[in-house]
Structures are given as structure tokens and as C-alpha cells.
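Asks: Quick one, upload_32.cif (mmCIF, C-alpha atoms and all ligand atoms):
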data_query
loop_
_atom_site.label_atom_id
_atom_site.label_comp_id
_atom_site.auth_asym_id
_atom_site.auth_seq_id
_atom_site.Cartn_x
_atom_site.Cartn_y
_atom_site.Cartn_z
CA MET A 290 -46.47 10.99 21.14
CA LYS A 291 -47.80 10.11 24.60
CA ALA A 292 -45.81 10.71 27.78
CA ILE A 293 -46.33 10.19 31.52
CA CYS A 294 -45.67 13.56 33.12
CA VAL A 295 -45.82 15.44 36.40
CA ILE A 296 -45.98 19.13 37.25
CA PRO A 297 -42.96 19.44 39.56
CA GLY A 298 -43.91 21.09 42.84
CA LYS A 299 -47.55 19.99 42.53
CA PRO A 300 -48.30 16.87 44.60
CA ASN A 301 -49.80 13.86 42.83
CA SER A 302 -49.88 15.60 39.46
CA ILE A 303 -49.08 12.50 37.39
CA HIS A 304 -50.91 12.57 34.06
CA LEU A 305 -50.70 11.54 30.43
CA ARG A 306 -50.05 14.20 27.83
CA GLU A 307 -49.23 14.62 24.18
CA VAL A 308 -45.65 15.83 23.67
CA PRO A 309 -43.64 16.51 20.50
CA LYS A 310 -41.74 13.52 19.10
CA PRO A 311 -37.98 14.22 19.24
CA ARG A 312 -36.05 14.42 15.97
CA LEU A 313 -32.61 13.10 15.05
CA GLU A 314 -31.56 16.71 14.40
CA ASP A 315 -32.10 17.57 18.07
CA VAL A 316 -28.53 16.28 18.58
CA PRO A 317 -25.93 18.29 16.61
CA HIS A 318 -23.29 17.04 14.16
CA GLY A 319 -25.33 14.10 12.86
CA ARG A 320 -24.80 12.32 16.18
CA GLY A 321 -28.48 11.73 17.01
CA VAL A 322 -29.78 8.24 17.78
CA LEU A 323 -33.55 7.73 17.73
CA VAL A 324 -34.62 5.09 20.22
CA LYS A 325 -38.04 3.48 20.52
CA ILE A 326 -38.79 2.91 24.19
CA LEU A 327 -39.83 -0.61 25.19
CA ARG A 328 -39.83 -0.74 28.96
CA VAL A 329 -39.26 1.74 31.79
CA GLY A 330 -38.83 0.83 35.45
CA VAL A 331 -39.98 3.06 38.30
CA ASP A 332 -38.60 3.44 41.82
CA GLY A 333 -38.70 5.52 45.00
CA THR A 334 -37.39 8.57 43.18
CA ASP A 335 -40.43 8.60 40.88
CA LYS A 336 -42.65 8.30 43.94
CA GLU A 337 -40.93 11.33 45.51
CA ILE A 338 -41.19 13.33 42.30
CA ASN A 339 -44.92 12.65 42.05
CA ALA A 340 -45.23 13.64 45.72
CA ALA A 341 -43.54 16.96 44.77
CA GLU A 342 -40.66 16.30 47.17
CA TYR A 343 -38.06 16.17 44.42
CA GLY A 344 -37.55 16.90 40.73
CA ALA A 345 -37.65 19.87 38.36
CA ALA A 346 -38.96 20.50 34.84
CA PRO A 347 -36.60 21.35 31.98
CA PRO A 348 -36.18 25.12 31.43
CA GLY A 349 -39.07 26.43 29.34
CA ASP A 350 -41.49 23.62 30.26
CA ASP A 351 -43.84 23.42 33.22
CA TYR A 352 -44.01 19.61 33.07
CA LEU A 353 -41.47 16.84 33.44
CA ILE A 354 -41.63 13.52 31.58
CA LEU A 355 -40.98 10.90 34.28
CA GLY A 356 -38.87 7.75 34.04
CA HIS A 357 -35.13 7.14 34.27
CA GLU A 358 -34.76 3.33 34.02
CA SER A 359 -35.07 2.62 30.32
CA LEU A 360 -34.78 -0.17 27.81
CA GLY A 361 -35.27 0.67 24.16
CA GLN A 362 -34.46 -0.29 20.60
CA VAL A 363 -32.58 1.83 18.08
CA GLU A 364 -34.71 2.89 15.10
CA GLU A 365 -32.57 5.37 13.25
CA MET A 366 -29.15 7.00 13.48
CA GLY A 367 -27.76 10.30 12.24
CA PRO A 368 -25.03 10.14 9.57
CA ASP A 369 -22.28 10.28 12.19
CA ALA A 370 -23.77 7.90 14.74
CA GLN A 371 -23.08 4.69 12.88
CA GLU A 372 -21.80 2.81 15.91
CA PHE A 373 -25.41 1.69 16.38
CA ARG A 374 -27.60 -0.38 14.06
CA PRO A 375 -31.38 -0.33 13.80
CA GLY A 376 -32.74 -3.03 16.10
CA ASP A 377 -29.98 -2.74 18.71
CA TYR A 378 -31.30 -3.01 22.25
CA VAL A 379 -30.07 -0.12 24.36
CA THR A 380 -30.31 1.62 27.69
CA ALA A 381 -29.32 5.21 28.48
CA THR A 382 -27.49 6.90 31.31
CA VAL A 383 -29.54 9.31 33.44
CA ARG A 384 -27.29 12.26 34.16
CA ARG A 385 -26.16 14.74 31.53
CA PRO A 386 -23.03 16.83 31.91
CA GLY A 387 -22.81 20.21 33.58
CA SER A 388 -19.64 22.27 33.48
CA SER A 389 -17.24 21.05 36.18
CA ILE A 390 -14.04 19.33 35.12
CA TYR A 391 -15.59 15.98 36.09
CA ASP A 392 -18.47 16.61 33.68
CA LEU A 393 -16.08 17.40 30.88
CA ILE A 394 -14.30 14.04 31.09
CA GLY A 395 -17.45 11.90 31.04
CA THR A 396 -17.73 11.50 34.82
CA TYR A 397 -20.81 13.68 35.17
CA ASP A 398 -21.89 11.43 38.05
CA MET A 399 -19.02 13.07 39.99
CA THR A 400 -19.99 16.66 39.19
CA THR A 401 -19.08 19.39 41.64
CA ASP A 402 -21.66 21.75 40.10
CA ASP A 403 -24.55 22.70 42.37
CA ARG A 404 -27.01 21.95 39.61
CA TYR A 405 -27.21 18.53 38.04
CA TYR A 406 -29.20 17.36 35.05
CA GLU A 407 -30.92 14.00 35.22
CA ARG A 408 -33.34 12.62 32.65
CA GLY A 409 -36.73 11.99 34.22
CA ILE A 410 -35.64 13.57 37.50
CA ASN A 411 -34.07 16.98 37.35
CA LEU A 412 -34.23 19.56 34.52
CA ARG A 413 -34.34 16.98 31.69
CA HIS A 414 -37.23 14.92 30.35
CA GLY A 415 -37.27 11.19 31.03
CA PHE A 416 -38.21 8.01 29.25
CA LEU A 417 -41.84 7.24 30.16
CA THR A 418 -42.83 8.06 26.61
CA GLU A 419 -42.55 6.51 23.15
CA TYR A 420 -39.24 7.78 21.75
CA TYR A 421 -36.10 9.62 22.74
CA VAL A 422 -33.15 11.01 20.81
CA ASP A 423 -29.73 11.19 22.39
CA ASP A 424 -26.01 11.24 21.70
CA PRO A 425 -24.24 7.82 21.50
CA GLU A 426 -22.12 8.92 24.47
CA TYR A 427 -25.17 8.30 26.70
CA ILE A 428 -26.46 5.14 25.05
CA ILE A 429 -25.25 1.66 26.00
CA ARG A 430 -25.89 -1.43 23.93
CA VAL A 431 -27.63 -4.26 25.75
CA PRO A 432 -26.92 -7.70 24.27
CA GLN A 433 -29.95 -9.28 22.60
CA GLY A 434 -29.74 -12.17 25.10
CA LEU A 435 -30.27 -9.73 27.98
CA LYS A 436 -33.27 -7.90 26.54
CA HIS A 437 -35.69 -9.62 28.95
CA VAL A 438 -33.87 -8.15 31.95
CA GLY A 439 -32.51 -5.02 30.26
CA VAL A 440 -34.88 -2.75 32.18
CA LEU A 441 -32.73 -3.55 35.25
CA MET A 442 -29.67 -1.85 33.74
CA GLU A 443 -30.06 1.51 35.48
CA PRO A 444 -30.51 0.23 39.04
CA THR A 445 -27.67 -2.21 38.32
CA SER A 446 -25.42 0.71 37.34
CA ILE A 447 -26.04 2.34 40.73
CA ALA A 448 -24.89 -0.79 42.58
CA GLU A 449 -21.95 -1.20 40.19
CA LYS A 450 -20.71 2.31 40.82
CA GLY A 451 -20.85 2.03 44.60
CA ILE A 452 -19.02 -1.29 44.61
CA ALA A 453 -16.45 -0.28 41.97
CA GLN A 454 -15.68 2.89 43.91
CA ALA A 455 -15.09 0.81 47.03
CA TYR A 456 -12.61 -1.41 45.18
CA GLN A 457 -10.86 1.68 43.78
CA ILE A 458 -10.56 3.24 47.22
CA GLN A 459 -9.27 0.04 48.75
CA ARG A 460 -6.25 0.06 46.46
CA ARG A 461 -4.82 2.12 49.34
CA LEU A 462 -4.35 -1.24 51.10
CA ARG A 463 -1.99 -2.73 48.45
CA VAL A 464 -3.66 -6.08 49.20
CA TRP A 465 -7.37 -6.19 49.71
CA ARG A 466 -9.15 -9.51 49.69
CA PRO A 467 -12.63 -8.69 50.96
CA ARG A 468 -14.33 -11.80 52.28
CA ARG A 469 -17.49 -10.67 54.01
CA ALA A 470 -20.03 -8.06 53.05
CA ALA A 471 -23.31 -6.84 54.46
CA VAL A 472 -25.97 -5.32 52.24
CA LEU A 473 -28.58 -3.21 54.02
CA GLY A 474 -31.84 -3.31 52.14
CA ALA A 475 -33.38 -6.15 50.15
CA GLY A 476 -35.27 -4.21 47.48
CA THR A 477 -34.13 -4.02 43.86
CA LEU A 478 -30.91 -2.20 44.71
CA GLY A 479 -30.04 -4.47 47.66
CA LEU A 480 -30.75 -7.58 45.61
CA LEU A 481 -28.63 -6.38 42.70
CA ALA A 482 -25.79 -5.42 45.07
CA THR A 483 -26.01 -8.86 46.67
CA LEU A 484 -25.80 -10.41 43.21
CA ILE A 485 -22.73 -8.38 42.21
CA LEU A 486 -20.91 -9.17 45.45
CA ARG A 487 -21.69 -12.87 45.10
CA LEU A 488 -20.30 -12.74 41.54
CA ARG A 489 -17.14 -11.19 43.06
CA GLY A 490 -16.91 -14.18 45.43
CA LEU A 491 -17.81 -12.58 48.77
CA ALA A 492 -19.85 -14.09 51.57
CA VAL A 493 -22.86 -11.78 51.80
CA VAL A 494 -25.45 -11.13 54.48
CA THR A 495 -28.42 -9.11 53.25
CA LEU A 496 -30.56 -7.43 55.88
CA GLY A 497 -34.13 -6.35 55.28
CA LEU A 498 -37.07 -5.32 57.44
CA THR A 499 -39.39 -8.20 56.58
CA ARG A 500 -39.14 -11.51 58.40
CA PRO A 501 -38.22 -14.45 56.19
CA PRO A 502 -39.33 -16.42 54.34
CA TYR A 503 -40.65 -14.16 51.58
CA ARG A 504 -39.85 -13.59 47.94
CA ASN A 505 -36.84 -11.35 48.51
CA SER A 506 -35.27 -13.53 51.22
CA GLU A 507 -35.61 -16.52 48.90
CA LEU A 508 -33.94 -14.60 46.08
CA VAL A 509 -31.05 -13.74 48.41
CA GLU A 510 -30.66 -17.38 49.38
CA GLN A 511 -30.75 -18.51 45.74
CA LEU A 512 -27.51 -16.54 45.33
CA GLY A 513 -25.89 -18.43 48.18
CA ALA A 514 -26.11 -15.32 50.35
CA ARG A 515 -27.72 -15.12 53.78
CA TYR A 516 -30.86 -13.15 54.54
CA ALA A 517 -31.75 -11.81 57.99
CA SER A 518 -34.51 -9.53 59.21
CA THR A 519 -33.50 -6.56 61.33
CA GLN A 520 -36.52 -7.46 63.48
CA ASP A 521 -34.61 -10.59 64.55
CA LEU A 522 -30.99 -9.54 64.21
CA SER A 523 -29.49 -6.07 64.57
CA LEU A 524 -26.59 -5.08 62.35
CA GLN A 525 -24.39 -5.34 65.44
CA GLN A 526 -25.52 -8.92 66.06
CA ALA A 527 -25.15 -9.77 62.37
CA SER A 528 -21.59 -8.51 62.53
CA GLU A 529 -20.81 -10.61 65.62
CA LYS A 530 -22.30 -13.68 63.97
CA TYR A 531 -21.18 -13.30 60.35
CA GLY A 532 -18.64 -10.45 60.33
CA PRO A 533 -16.50 -8.51 60.73
CA PHE A 534 -17.60 -6.98 57.44
CA ASP A 535 -14.97 -5.77 54.98
CA MET A 536 -17.71 -3.93 53.13
CA ILE A 537 -21.17 -2.64 54.02
CA LEU A 538 -23.49 -1.21 51.41
CA GLU A 539 -26.32 0.92 52.80
CA GLY A 540 -29.27 1.18 50.44
CA THR A 541 -32.37 1.29 52.64
CA GLY A 542 -33.18 4.99 52.59
CA PHE A 543 -33.19 4.97 56.40
CA SER A 544 -30.23 7.23 57.21
CA PRO A 545 -29.72 6.28 60.91
CA LEU A 546 -28.49 2.90 59.67
CA VAL A 547 -25.44 4.65 58.20
CA PHE A 548 -24.17 5.35 61.71
CA GLN A 549 -24.84 1.82 62.90
CA ALA A 550 -22.92 0.63 59.87
CA MET A 551 -20.03 2.94 60.75
CA GLU A 552 -19.97 1.39 64.21
CA THR A 553 -19.96 -2.20 63.05
CA LEU A 554 -17.73 -1.90 59.96
CA GLY A 555 -14.60 -4.09 60.20
CA LYS A 556 -11.03 -2.79 60.35
CA ASN A 557 -9.79 -1.43 57.00
CA GLY A 558 -13.40 -1.75 55.91
CA VAL A 559 -15.38 0.41 53.52
CA LEU A 560 -18.93 1.66 53.92
CA ILE A 561 -20.80 2.54 50.73
CA MET A 562 -23.77 4.90 51.06
CA VAL A 563 -26.20 4.97 48.13
CA SER A 564 -29.51 6.09 49.68
CA VAL A 565 -30.90 9.45 48.59
CA THR A 566 -32.66 10.66 51.75
CA GLY A 567 -34.61 13.85 51.19
CA GLY A 568 -35.91 14.22 54.76
CA ASP A 569 -34.68 16.04 57.85
CA ARG A 570 -34.24 13.17 60.29
CA LYS A 571 -32.04 13.63 63.36
CA VAL A 572 -30.60 10.96 65.63
CA GLN A 573 -28.18 10.72 68.53
CA ILE A 574 -25.04 8.81 67.72
CA PRO A 575 -22.09 7.51 69.78
CA ALA A 576 -19.77 10.03 68.17
CA ASP A 577 -16.60 9.24 70.14
CA LYS A 578 -16.97 5.54 69.59
CA ILE A 579 -17.59 5.88 65.86
CA ASN A 580 -14.71 8.30 65.44
CA LEU A 581 -12.34 6.12 67.46
CA GLY A 582 -13.30 3.04 65.49
CA PHE A 583 -12.70 4.85 62.22
CA VAL A 584 -9.32 6.17 63.30
CA LEU A 585 -7.97 3.04 64.95
CA GLY A 586 -9.49 0.84 62.25
CA ASN A 587 -8.45 2.88 59.20
CA LYS A 588 -12.02 2.73 57.95
CA VAL A 589 -13.56 4.55 54.98
CA ALA A 590 -17.09 5.76 54.24
CA VAL A 591 -17.99 6.81 50.73
CA GLY A 592 -21.11 8.30 49.21
CA SER A 593 -22.10 7.34 45.69
CA VAL A 594 -24.76 8.81 43.41
CA ASN A 595 -25.84 8.03 39.87
CA ALA A 596 -23.55 6.27 37.37
CA ASN A 597 -21.76 7.08 34.14
CA ARG A 598 -21.47 4.77 31.14
CA GLU A 599 -18.49 2.90 32.58
CA TYR A 600 -20.75 1.47 35.30
CA PHE A 601 -23.50 0.64 32.83
CA GLU A 602 -20.92 -1.31 30.85
CA MET A 603 -19.90 -3.18 34.00
CA GLY A 604 -23.60 -3.82 34.54
CA VAL A 605 -23.90 -5.46 31.12
CA GLN A 606 -20.99 -7.78 31.98
CA ASP A 607 -22.42 -8.69 35.34
CA LEU A 608 -25.98 -9.23 34.14
CA ALA A 609 -24.58 -11.56 31.46
CA GLU A 610 -22.51 -13.44 34.05
CA ALA A 611 -25.55 -13.56 36.33
CA GLU A 612 -27.65 -15.20 33.62
CA LEU A 613 -24.95 -17.88 33.26
CA THR A 614 -24.35 -18.36 36.98
CA TYR A 615 -27.88 -18.03 38.32
CA PRO A 616 -30.07 -18.70 35.27
CA GLY A 617 -33.54 -17.14 35.51
CA TRP A 618 -32.78 -15.26 38.72
CA LEU A 619 -32.85 -11.74 37.25
CA CYS A 620 -36.24 -12.31 35.62
CA LYS A 621 -37.73 -12.97 39.04
CA LEU A 622 -37.07 -9.36 40.01
CA LEU A 623 -39.50 -8.19 37.33
CA THR A 624 -42.55 -8.73 39.51
CA HIS A 625 -45.01 -6.02 38.44
CA PRO A 626 -45.34 -5.24 34.72
CA ILE A 627 -47.95 -2.59 33.88
CA LYS A 628 -49.01 -2.52 30.24
CA GLY A 629 -49.21 0.79 28.36
CA LEU A 630 -48.47 4.42 29.14
CA GLU A 631 -52.20 5.09 29.52
CA ASN A 632 -52.17 2.98 32.69
CA TYR A 633 -50.01 5.53 34.51
CA ARG A 634 -52.39 5.53 37.50
CA GLU A 635 -51.94 1.81 38.00
CA LEU A 636 -48.19 2.27 37.57
CA ILE A 637 -47.87 4.81 40.37
CA ASP A 638 -50.43 3.06 42.60
CA THR A 639 -48.59 -0.24 42.26
CA LEU A 640 -45.34 1.53 43.05
CA THR A 641 -46.78 3.06 46.23
CA GLU A 642 -49.04 0.23 47.37
CA ALA A 643 -47.76 -3.19 46.27
CA LYS A 644 -45.74 -4.22 49.31
CA ASP A 645 -44.53 -7.42 47.66
CA ALA A 646 -43.26 -5.67 44.51
CA ILE A 647 -39.62 -5.78 43.55
CA LYS A 648 -39.47 -4.05 40.15
CA VAL A 649 -42.56 -2.22 38.91
CA TYR A 650 -42.20 -1.24 35.26
CA CYS A 651 -44.20 -0.01 32.32
CA GLU A 652 -44.38 -2.16 29.18
CA ILE A 653 -44.54 0.47 26.48
CA ALA A 654 -43.85 -1.70 23.43
CA ALA A 655 -43.20 -5.41 22.84
CA LEU A 656 -39.57 -6.63 23.16
C1 LIG A 701 -31.47 7.39 40.23
C2 LIG A 701 -30.10 7.97 40.02
C3 LIG A 701 -30.09 9.42 40.45
C4 LIG A 701 -30.62 9.55 41.86
C5 LIG A 701 -30.65 10.99 42.36
C6 LIG A 701 -31.96 7.63 41.62
O1 LIG A 701 -33.25 7.13 41.74
O2 LIG A 701 -31.49 6.00 39.98
O3 LIG A 701 -29.71 7.84 38.69
O4 LIG A 701 -28.80 9.97 40.36
O5 LIG A 701 -31.92 9.00 41.93
O6 LIG A 701 -31.48 11.82 41.64
ZN ZN A 702 -33.55 5.39 40.41
#
How does this structure look as C-alpha cells?

Replies:
Amino acid sequence: MKAICVIPGKPNSIHLREVPKPRLEDVPHGRGVLVKILRVGVDGTDKEINAAEYGAAPPGDDYLILGHESLGQVEEMGPDAQEFRPGDYVTATVRRPGSSIYDLIGTYDMTTDDRYYERGINLRHGFLTEYYVDDPEYIIRVPQGLKHVGVLMEPTSIAEKGIAQAYQIQRRLRVWRPRRAAVLGAGTLGLLATLILRLRGLAVVTLGLTRPPYRNSELVEQLGARYASTQDLSLQQASEKYGPFDMILEGTGFSPLVFQAMETLGKNGVLIMVSVTGGDRKVQIPADKINLGFVLGNKVAVGSVNANREYFEMGVQDLAEAELTYPGWLCKLLTHPIKGLENYRELIDTLTEAKDAIKVYCEIAAL
């Protein structure tokens, strides 16, 4: 079968190659599920992997099949994987367990191992191909009525985890009724986080670089949230005008914003950091002020990476509620479909060059 691959460590090595089709027996104990891949989304991580800044091939291979945001359809199940039926629409989690205690209880997204395994990213092949076989533990059913937006499941799971972790942590307050949130970043992740927080009933301000109006600012407003450009309004000013924020979610990839967020976060507030920043940026920060604010304000900052199946399941619930509450909104995120694995060049070029893109994805087979 065909697969879009890179040679990790070699810049711009994206290419198409013939790879062996996986077999049901690749998963032991009759627990294999064979999934035909329909659509795969790409994001900044794929860009970094192709730029050789990130990513590793599975042991024994010198190439890595790209792609971690998948939607597929079950074709066949092993004798002991009967919880699925042929034709079921499914997505898959990205990380696979290592050996820490967190991995052993299904929370591999919380691993304390130094090495982590992520399909399409690190040490495991991804989904930009025709088929995969996996254990039901890592496969999540997507309702038929969500198949058109199912390729958004993985980025949704990332936002779900960050937000769910914040709610968990805030149980320290006995009563927590968050009213105001700021979301930093208005790309796919920022938009999905804005959606989830609106579904939870919060007043949300979403900050992006671009001046409104543009597609993303309109999408924010369609959710009844507010959009502001950081060119017109700093986070500090946004907080004076619309805060104090009970929650700030930082998803821009620009790490200095984390410290501005720490400064402006409201009392008892929680800051959620979800940007993977591979660089080596340094900034000066008002350390005393930030520390004092955290201490006197009982504030929390939490980092959040990846997501286990629990958060994918929350994602299914929220995408379904979103379709009922804001019909047609999710579809508008699917701005740049690229047809066929053989158009991998166009896929990566669109990802790097299309400034107006929200979700770029590969259409591998018809829904
Ligand atoms: C993926 C996550 C992954 C993270 C770090 C993100 O792009 O969506 O699943 O954990 O990269 O590798
Ligand atoms: Zn990703």
C-alpha cells in the first residue's frame, strides 16, 4: 500500500513509498482491528517533522509514516475484537503505552518515561497511508452522523484534555464556577477550545495575531465568543476589559505568551499550556510580580500533552453537541482538502504556505 513518509533527521524528505499492508495478526490474541483510512489531518507537528526538527522512525525502519489525525472505517476484526462492526467510523489515539505506572493504567498521555511512542510522530508509524491495524483499546467509534467532521477528533482531544484537567484541578476550590476564559490562538486548536468552553457556558475571548474580520474571527463570533487581535489589544488590556479570566488556554506556540498569561490570570485561576515549542527562545520576565500574583492569588499553571481515549470520548460528545448547538460550524474548519496520498507535495505546501487555512487534510478514500 502507499504511504506518505519522511526520513527523520533529513530536512524536507517527504515522499511517497510502498509499504507492507498490516495484518490483523499483527495484534496478538485475536484483538486486531483492520481500519481503512479515509481522511488524515495535518498540523504544525507534521511541518516540524518534515523540517527534521522533531520525530523519529520506528526501530528497524529508516522512514516514518506521517499523520496522527485520523478518520477511518473498520473493515475487519479479529475473533476477539467483536466490539466493532465492519463499516464503523473510527478514530485512533496517537500515543502508545511505555512502561511507567501511568502507561499501565491507560493514561499513557501522562507517562513519566523519557521515551514516548506516538503514531506518526515518534517511534511509531502514522496514518497517512491506506490501512492500519490496532488494538480496540486505541480505537474510538465516531458516530455516523459525525463522519463529515470526524477528522477533527484528534485536535479536539487535545483541547478536551487541557480543559478537563483544569476542571479536575479546580476541585481544590470546592466551588468553582468559571465565568470568563481567554483562549490564546485562533487556529484549529484555539477554535476548538473556544467551542468547548462555549459549550460549557463560559464567556470567551479568543486572541489571535490577525486583525478582524477574517474567517477565524467570524467563526469565533458565530459561537458567541469575542475575537480580538493582539495587534490591537494586549492580553493585559483584554483582561482589564473582559476579565479577570478564571481560565486561560495558551495554544499559540509562542512561549513568551505563557508568562504574560501568568501575569494576567485571575485569582484562583488556572492557566492551561498546550503548545509544543521546540525552540530555544529566551525572554525577560517580571519574576517577582508573577510569583507574587501566583502566591497571593492561589493560581495554578498546568501543562498538557496528547490525550488518551477518555478525552477522545469527551470529544465525540462535544462534537455531537456542537453540531446540535452550532449546526454546520465544525465543517467550516475543514478549509483545505487535498485529494489522494500521491498529492503529498501539495499537502505539505498547503500546510506551510496557505495562510488562510484552518484544517488541511488528505482525502484518502471517500466517506
Ligand atoms: C499531537 C499530540 C502529540 C504532540 C507531541 C501534537 O501535534 O497532536 O498528539 O502528543 O504533538 O508530539
Ligand atoms: Zn497534532

Asks: Determine, for each residue of chain A having at least one atom at most 7 Å from an atom of ligand LIG 701 (chain A), the closest pair of atoms and their separation in Å to one decimal, counting only C-alpha atoms and all ligand atoms; order by chain and ascending number, as a tab-separated table.

Replies:
residue	atom	partner	partner_atom	distance
A:Asp332	CA	A:LIG701	O1	6.5
A:Gly333	CA	A:LIG701	O1	6.6
A:Thr334	CA	A:LIG701	O1	4.6
A:His357	CA	A:LIG701	O2	6.9
A:Val383	CA	A:LIG701	O3	5.5
A:Arg384	CA	A:LIG701	O3	6.8
A:Glu407	CA	A:LIG701	O6	6.8
A:Ile410	CA	A:LIG701	O6	6.1
A:Glu443	CA	A:LIG701	O2	6.5
A:Pro444	CA	A:LIG701	O2	5.9
A:Ile447	CA	A:LIG701	O2	6.6
A:Val565	CA	A:LIG701	C5	6.4
A:Val594	CA	A:LIG701	O4	5.2
A:Asn595	CA	A:LIG701	O4	3.6
A:Ala596	CA	A:LIG701	O3	6.5

Asks: Keeping only C-alpha atoms, take the residues you just selected and write them out as a JSON list (two decimals), in the frame of the given file.

Replies:
[["chain", "number", "residue", "atom", "x", "y", "z"],
["A", 332, "ASP", "CA", -38.60, 3.44, 41.82],
["A", 333, "GLY", "CA", -38.70, 5.52, 45.00],
["A", 334, "THR", "CA", -37.39, 8.57, 43.18],
["A", 357, "HIS", "CA", -35.13, 7.14, 34.27],
["A", 383, "VAL", "CA", -29.54, 9.31, 33.44],
["A", 384, "ARG", "CA", -27.29, 12.26, 34.16],
["A", 407, "GLU", "CA", -30.92, 14.00, 35.22],
["A", 410, "ILE", "CA", -35.64, 13.57, 37.50],
["A", 443, "GLU", "CA", -30.06, 1.51, 35.48],
["A", 444, "PRO", "CA", -30.51, 0.23, 39.04],
["A", 447, "ILE", "CA", -26.04, 2.34, 40.73],
["A", 565, "VAL", "CA", -30.90, 9.45, 48.59],
["A", 594, "VAL", "CA", -24.76, 8.81, 43.41],
["A", 595, "ASN", "CA", -25.84, 8.03, 39.87],
["A", 596, "ALA", "CA", -23.55, 6.27, 37.37]]

Asks: Which residues are near Glu602 (chain A)? Cut-off 12 Å, all atoms listed in the file, ignore same chain within fewer than 5 positions. Put them as a count of residues only.

Replies: 22

Asks: What's around Glu510 (chain A) at 12 Å? Count only C-alpha atoms, leave out sequence neighbours fewer than 3 positions away in its own chain, and write the answer as a ChimeraX atom specification.

Replies: /A:475,480,483-484,487,492-496,501-507,513-517,615,618

Asks: Would you please work out which residue, of A:Asn580, A:Ser544, A:Gln457, A:Gln606, is nearest to Thr566 (chain A) when using only C-alpha atoms?

Replies: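 With only C-alpha atoms as the atom set, the closest residue is A:Ser544.
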
Asks: Skipping near chain neighbours, those fewer than 4 positions away, what residues fall within 8 Å of Ala470 (chain A) using all atoms listed in the file, listed as a list in words?

Replies: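 What passes the distance filter is Leu486, Leu491, Ala492, Val493, Val494, Gly532, Phe534, Asp535, Met536, Ile537 and Leu538 of chain A.
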
Asks: If we count all atoms listed in the file, what is near Pro311 (chain A) at a cut-off of 10 Å, once residues fewer than 2 positions away on the same chain are taken out, given as a PyMOL selection string?

Replies: chain A and resi 290+308-309+313-316+323-324+419-423

Asks: Can you work out which one of A:Leu524, A:Val440, A:Val559, A:Val605 has the shortest atom-to-atom distance to Pro467 (chain A), counting all atoms listed in the file?

Replies: A:Val559

Asks: Between A:Asn557, A:Thr641, A:Thr624, A:Gln520, which is the closest to Leu462 (chain A) once you count all atoms listed in the file?

Replies: A:Asn557
